[in-house]
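For reference, the structure is listed below as structure tokens.
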Amino acid sequence: MRQWELIGITDQVPIATQPVPRQAPRVVVDPTIDEPVFFWTTDGALRLQSVSDAAASVIGRSADACKGRDLLEIFGLEGPNASLLDAHILALGGDAATFALKGDRVSVRCRVGPVTDGLGKTSGTYCVAMHIDGVDVREEAERPAVA
């Protein structure tokens with residue numbers, strides 16, 4: 001009769017395990033996005049409290065340059081991103097909303113919702129990118145074709 005020794009089960013010597021290297025999560029604005037990507041949070045006065053690098057690249061400013069600024073100051077009251085303010089105001093009222101964010105090189109569909117405290121009181125908003133609509137990969141302005 002043969003007797004087998006199963007390493008790690010029948011012997012008394014533990015198997016040396018190598019720790020699995022942990023990588024920091026990376027946020028990338030990807031045109032094939034299939035999962036929500038965190039963009040930002042605001043306080044109750046719609047001042048940006050936290051801004052991801054992905055959002056900063058769409059806005060065209062550094063994340064640090066955006067923090068503490070009003071959404072109105074960054075996006076304005078009129079123009080292609082006017083629906084952004086309306087969506088955030090709805091979120092402050094407790095409802096989730098969606099809007100299209102038109103950046104320098106991409107258009108992004110976003111969802112904004114309320115941030116609530118333990119008592120259910122709304123204290124700000126959060127925004128996540130749900131889908132990248134288009135990416136402009138041009139590095140410079142189009143040049144006329146040379147024949």
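In the structure tokens, the first chain shown is A, the next is B, and so on; residue numbers restart at 1 for each chain, and ligands run from 1 in the order shown.
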Query raised in the report: So which residues touch Phe38 (chain A) within 9 Å, counting only C-alpha atoms, skipping near sequence neighbours fewer than 4 positions away, as a ChimeraX atom specification?
Result: /A:27,51-52,54-55,126-129
Take the selection from the previous step and output its residues with N, CA and C atoms, as a PDB file, in the first residue's frame.
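Wrote out-v1.pdb, looks like this:
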```
ATOM      1  N   VAL A  27      -7.780  55.366 -12.013  1.00  0.00           N
ATOM      2  CA  VAL A  27      -8.973  55.872 -12.677  1.00  0.00           C
ATOM      3  C   VAL A  27      -8.539  56.436 -14.015  1.00  0.00           C
ATOM      4  N   VAL A  51     -12.255  65.756  -6.174  1.00  0.00           N
ATOM      5  CA  VAL A  51     -12.301  65.675  -7.638  1.00  0.00           C
ATOM      6  C   VAL A  51     -11.298  64.616  -8.072  1.00  0.00           C
ATOM      7  N   SER A  52     -11.742  63.663  -8.884  1.00  0.00           N
ATOM      8  CA  SER A  52     -10.838  62.620  -9.357  1.00  0.00           C
ATOM      9  C   SER A  52      -9.982  63.139 -10.513  1.00  0.00           C
ATOM     10  N   ALA A  54      -9.677  61.647 -13.270  1.00  0.00           N
ATOM     11  CA  ALA A  54     -10.473  61.425 -14.486  1.00  0.00           C
ATOM     12  C   ALA A  54     -11.359  62.637 -14.764  1.00  0.00           C
ATOM     13  N   ALA A  55     -12.004  63.163 -13.733  1.00  0.00           N
ATOM     14  CA  ALA A  55     -12.851  64.343 -13.905  1.00  0.00           C
ATOM     15  C   ALA A  55     -12.021  65.552 -14.290  1.00  0.00           C
ATOM     16  N   TYR A 126     -22.837  63.660  -5.099  1.00  0.00           N
ATOM     17  CA  TYR A 126     -21.743  62.896  -5.688  1.00  0.00           C
ATOM     18  C   TYR A 126     -22.027  62.771  -7.178  1.00  0.00           C
ATOM     19  N   CYS A 127     -20.992  62.635  -7.952  1.00  0.00           N
ATOM     20  CA  CYS A 127     -21.144  62.498  -9.402  1.00  0.00           C
ATOM     21  C   CYS A 127     -20.259  61.360  -9.893  1.00  0.00           C
ATOM     22  N   VAL A 128     -20.824  60.501 -10.724  1.00  0.00           N
ATOM     23  CA  VAL A 128     -20.056  59.432 -11.358  1.00  0.00           C
ATOM     24  C   VAL A 128     -20.289  59.481 -12.859  1.00  0.00           C
ATOM     25  N   ALA A 129     -19.253  59.145 -13.617  1.00  0.00           N
ATOM     26  CA  ALA A 129     -19.379  59.040 -15.072  1.00  0.00           C
ATOM     27  C   ALA A 129     -19.960  57.675 -15.376  1.00  0.00           C
TER      28      ALA A 129
END
```
Query raised in the report: If we count only C-alpha atoms, what is near Ser50 (chain A) at a cut-off of 10 Å, once residues fewer than 4 positions away on the same chain are taken out, given as a PyMOL selection string?
Result: chain A and resi 38-43+63-64+66-68+126
Save the residues we just selected, N, CA, C and O atoms, as an mmCIF file, in the first residue's frame?
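Wrote it out as out04.cif, contents follow:
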```
data_model
loop_
_atom_site.group_PDB
_atom_site.id
_atom_site.type_symbol
_atom_site.label_atom_id
_atom_site.label_comp_id
_atom_site.auth_asym_id
_atom_site.auth_seq_id
_atom_site.Cartn_x
_atom_site.Cartn_y
_atom_site.Cartn_z
ATOM 1 N N PHE A 38 -15.861 57.273 -10.503
ATOM 2 C CA PHE A 38 -16.067 58.406 -9.606
ATOM 3 C C PHE A 38 -15.531 59.682 -10.245
ATOM 4 O O PHE A 38 -14.442 59.697 -10.795
ATOM 5 N N PHE A 39 -16.311 60.753 -10.160
ATOM 6 C CA PHE A 39 -15.872 62.036 -10.698
ATOM 7 C C PHE A 39 -15.649 63.057 -9.585
ATOM 8 O O PHE A 39 -14.582 63.586 -9.453
ATOM 9 N N TRP A 40 -16.683 63.377 -8.794
ATOM 10 C CA TRP A 40 -16.501 64.378 -7.747
ATOM 11 C C TRP A 40 -17.604 64.314 -6.704
ATOM 12 O O TRP A 40 -18.608 63.657 -6.890
ATOM 13 N N THR A 41 -17.375 65.066 -5.610
ATOM 14 C CA THR A 41 -18.406 65.311 -4.607
ATOM 15 C C THR A 41 -18.464 66.818 -4.379
ATOM 16 O O THR A 41 -17.488 67.526 -4.611
ATOM 17 N N THR A 42 -19.633 67.269 -3.956
ATOM 18 C CA THR A 42 -19.803 68.676 -3.616
ATOM 19 C C THR A 42 -20.405 68.780 -2.216
ATOM 20 O O THR A 42 -20.991 67.817 -1.716
ATOM 21 N N ASP A 43 -20.295 69.958 -1.628
ATOM 22 C CA ASP A 43 -20.994 70.219 -0.375
ATOM 23 C C ASP A 43 -22.382 70.766 -0.712
ATOM 24 O O ASP A 43 -22.786 70.802 -1.883
ATOM 25 N N ALA A 63 -7.018 68.619 -10.604
ATOM 26 C CA ALA A 63 -7.954 68.339 -9.522
ATOM 27 C C ALA A 63 -7.805 69.364 -8.403
ATOM 28 O O ALA A 63 -8.807 69.833 -7.847
ATOM 29 N N ASP A 64 -6.576 69.738 -8.087
ATOM 30 C CA ASP A 64 -6.341 70.726 -7.021
ATOM 31 C C ASP A 64 -6.921 72.097 -7.379
ATOM 32 O O ASP A 64 -7.386 72.824 -6.505
ATOM 33 N N CYS A 66 -9.574 72.592 -9.010
ATOM 34 C CA CYS A 66 -11.033 72.524 -8.962
ATOM 35 C C CYS A 66 -11.581 72.499 -7.535
ATOM 36 O O CYS A 66 -12.661 73.023 -7.284
ATOM 37 N N LYS A 67 -10.845 71.925 -6.612
ATOM 38 C CA LYS A 67 -11.339 71.740 -5.241
ATOM 39 C C LYS A 67 -11.644 73.081 -4.586
ATOM 40 O O LYS A 67 -10.888 74.036 -4.693
ATOM 41 N N GLY A 68 -12.802 73.121 -3.945
ATOM 42 C CA GLY A 68 -13.215 74.332 -3.241
ATOM 43 C C GLY A 68 -13.933 75.339 -4.111
ATOM 44 O O GLY A 68 -14.461 76.328 -3.611
ATOM 45 N N TYR A 126 -22.837 63.660 -5.099
ATOM 46 C CA TYR A 126 -21.743 62.896 -5.688
ATOM 47 C C TYR A 126 -22.027 62.771 -7.178
ATOM 48 O O TYR A 126 -23.182 62.823 -7.604
#
```
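Between Gln49 (chain A) and the residues A:Val115, A:Ala87, A:Met130, A:Ala96, the shortest atom-to-atom distance, using only C-alpha atoms, involves A:Val115.
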**Report entry** Interatomic distance (Å, one decimal) between CA of Ser62 (chain A) and CA of Asp117 (chain A)
**Finding:** 28.6 Å
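Excluding Arg47 (chain A) and any residue on its chain fewer than 6 positions from it, the residues at most 7 Å away by only C-alpha atoms are Gly68, Arg69, Asp70 and Leu71 of chain A.
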Dump N, CA and C atoms for the selected residues as a PDB file, in the first residue's frame?
```pdb
ATOM      1  N   GLY A  68     -12.802  73.121  -3.945  1.00  0.00           N
ATOM      2  CA  GLY A  68     -13.215  74.332  -3.241  1.00  0.00           C
ATOM      3  C   GLY A  68     -13.933  75.339  -4.111  1.00  0.00           C
ATOM      4  N   ARG A  69     -13.974  75.120  -5.404  1.00  0.00           N
ATOM      5  CA  ARG A  69     -14.635  76.059  -6.319  1.00  0.00           C
ATOM      6  C   ARG A  69     -16.082  75.651  -6.554  1.00  0.00           C
ATOM      7  N   ASP A  70     -16.918  76.637  -6.818  1.00  0.00           N
ATOM      8  CA  ASP A  70     -18.327  76.389  -7.129  1.00  0.00           C
ATOM      9  C   ASP A  70     -18.444  75.760  -8.505  1.00  0.00           C
ATOM     10  N   LEU A  71     -19.443  74.894  -8.669  1.00  0.00           N
ATOM     11  CA  LEU A  71     -19.715  74.341  -9.999  1.00  0.00           C
ATOM     12  C   LEU A  71     -20.035  75.462 -10.978  1.00  0.00           C
TER      13      LEU A  71
END
```
Requested in this report: If you run DSSP over the backbone, which residues in region 25-101 of chain A end up strand (DSSP E or B)? Put them as a ChimeraX atom specification.
Outcome: /A:37-43,47-51,70,97-101
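If you look at CA of Val108 (chain A) and CA of Pro80 (chain A), they are 11.9 Å away from each other.
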Report task. Assign secondary structure with DSSP using the backbone only, and return the residues of region 55-124 of chain A in alpha helix (DSSP H) as number ranges by chain. Result -> A: 55-59, 63-66, 71-75, 82-92
Query raised in the report: So what do you get for CA of Lys102 (chain A) versus CA of Thr116 (chain A), distance-wise?
Result: 27.5 Å
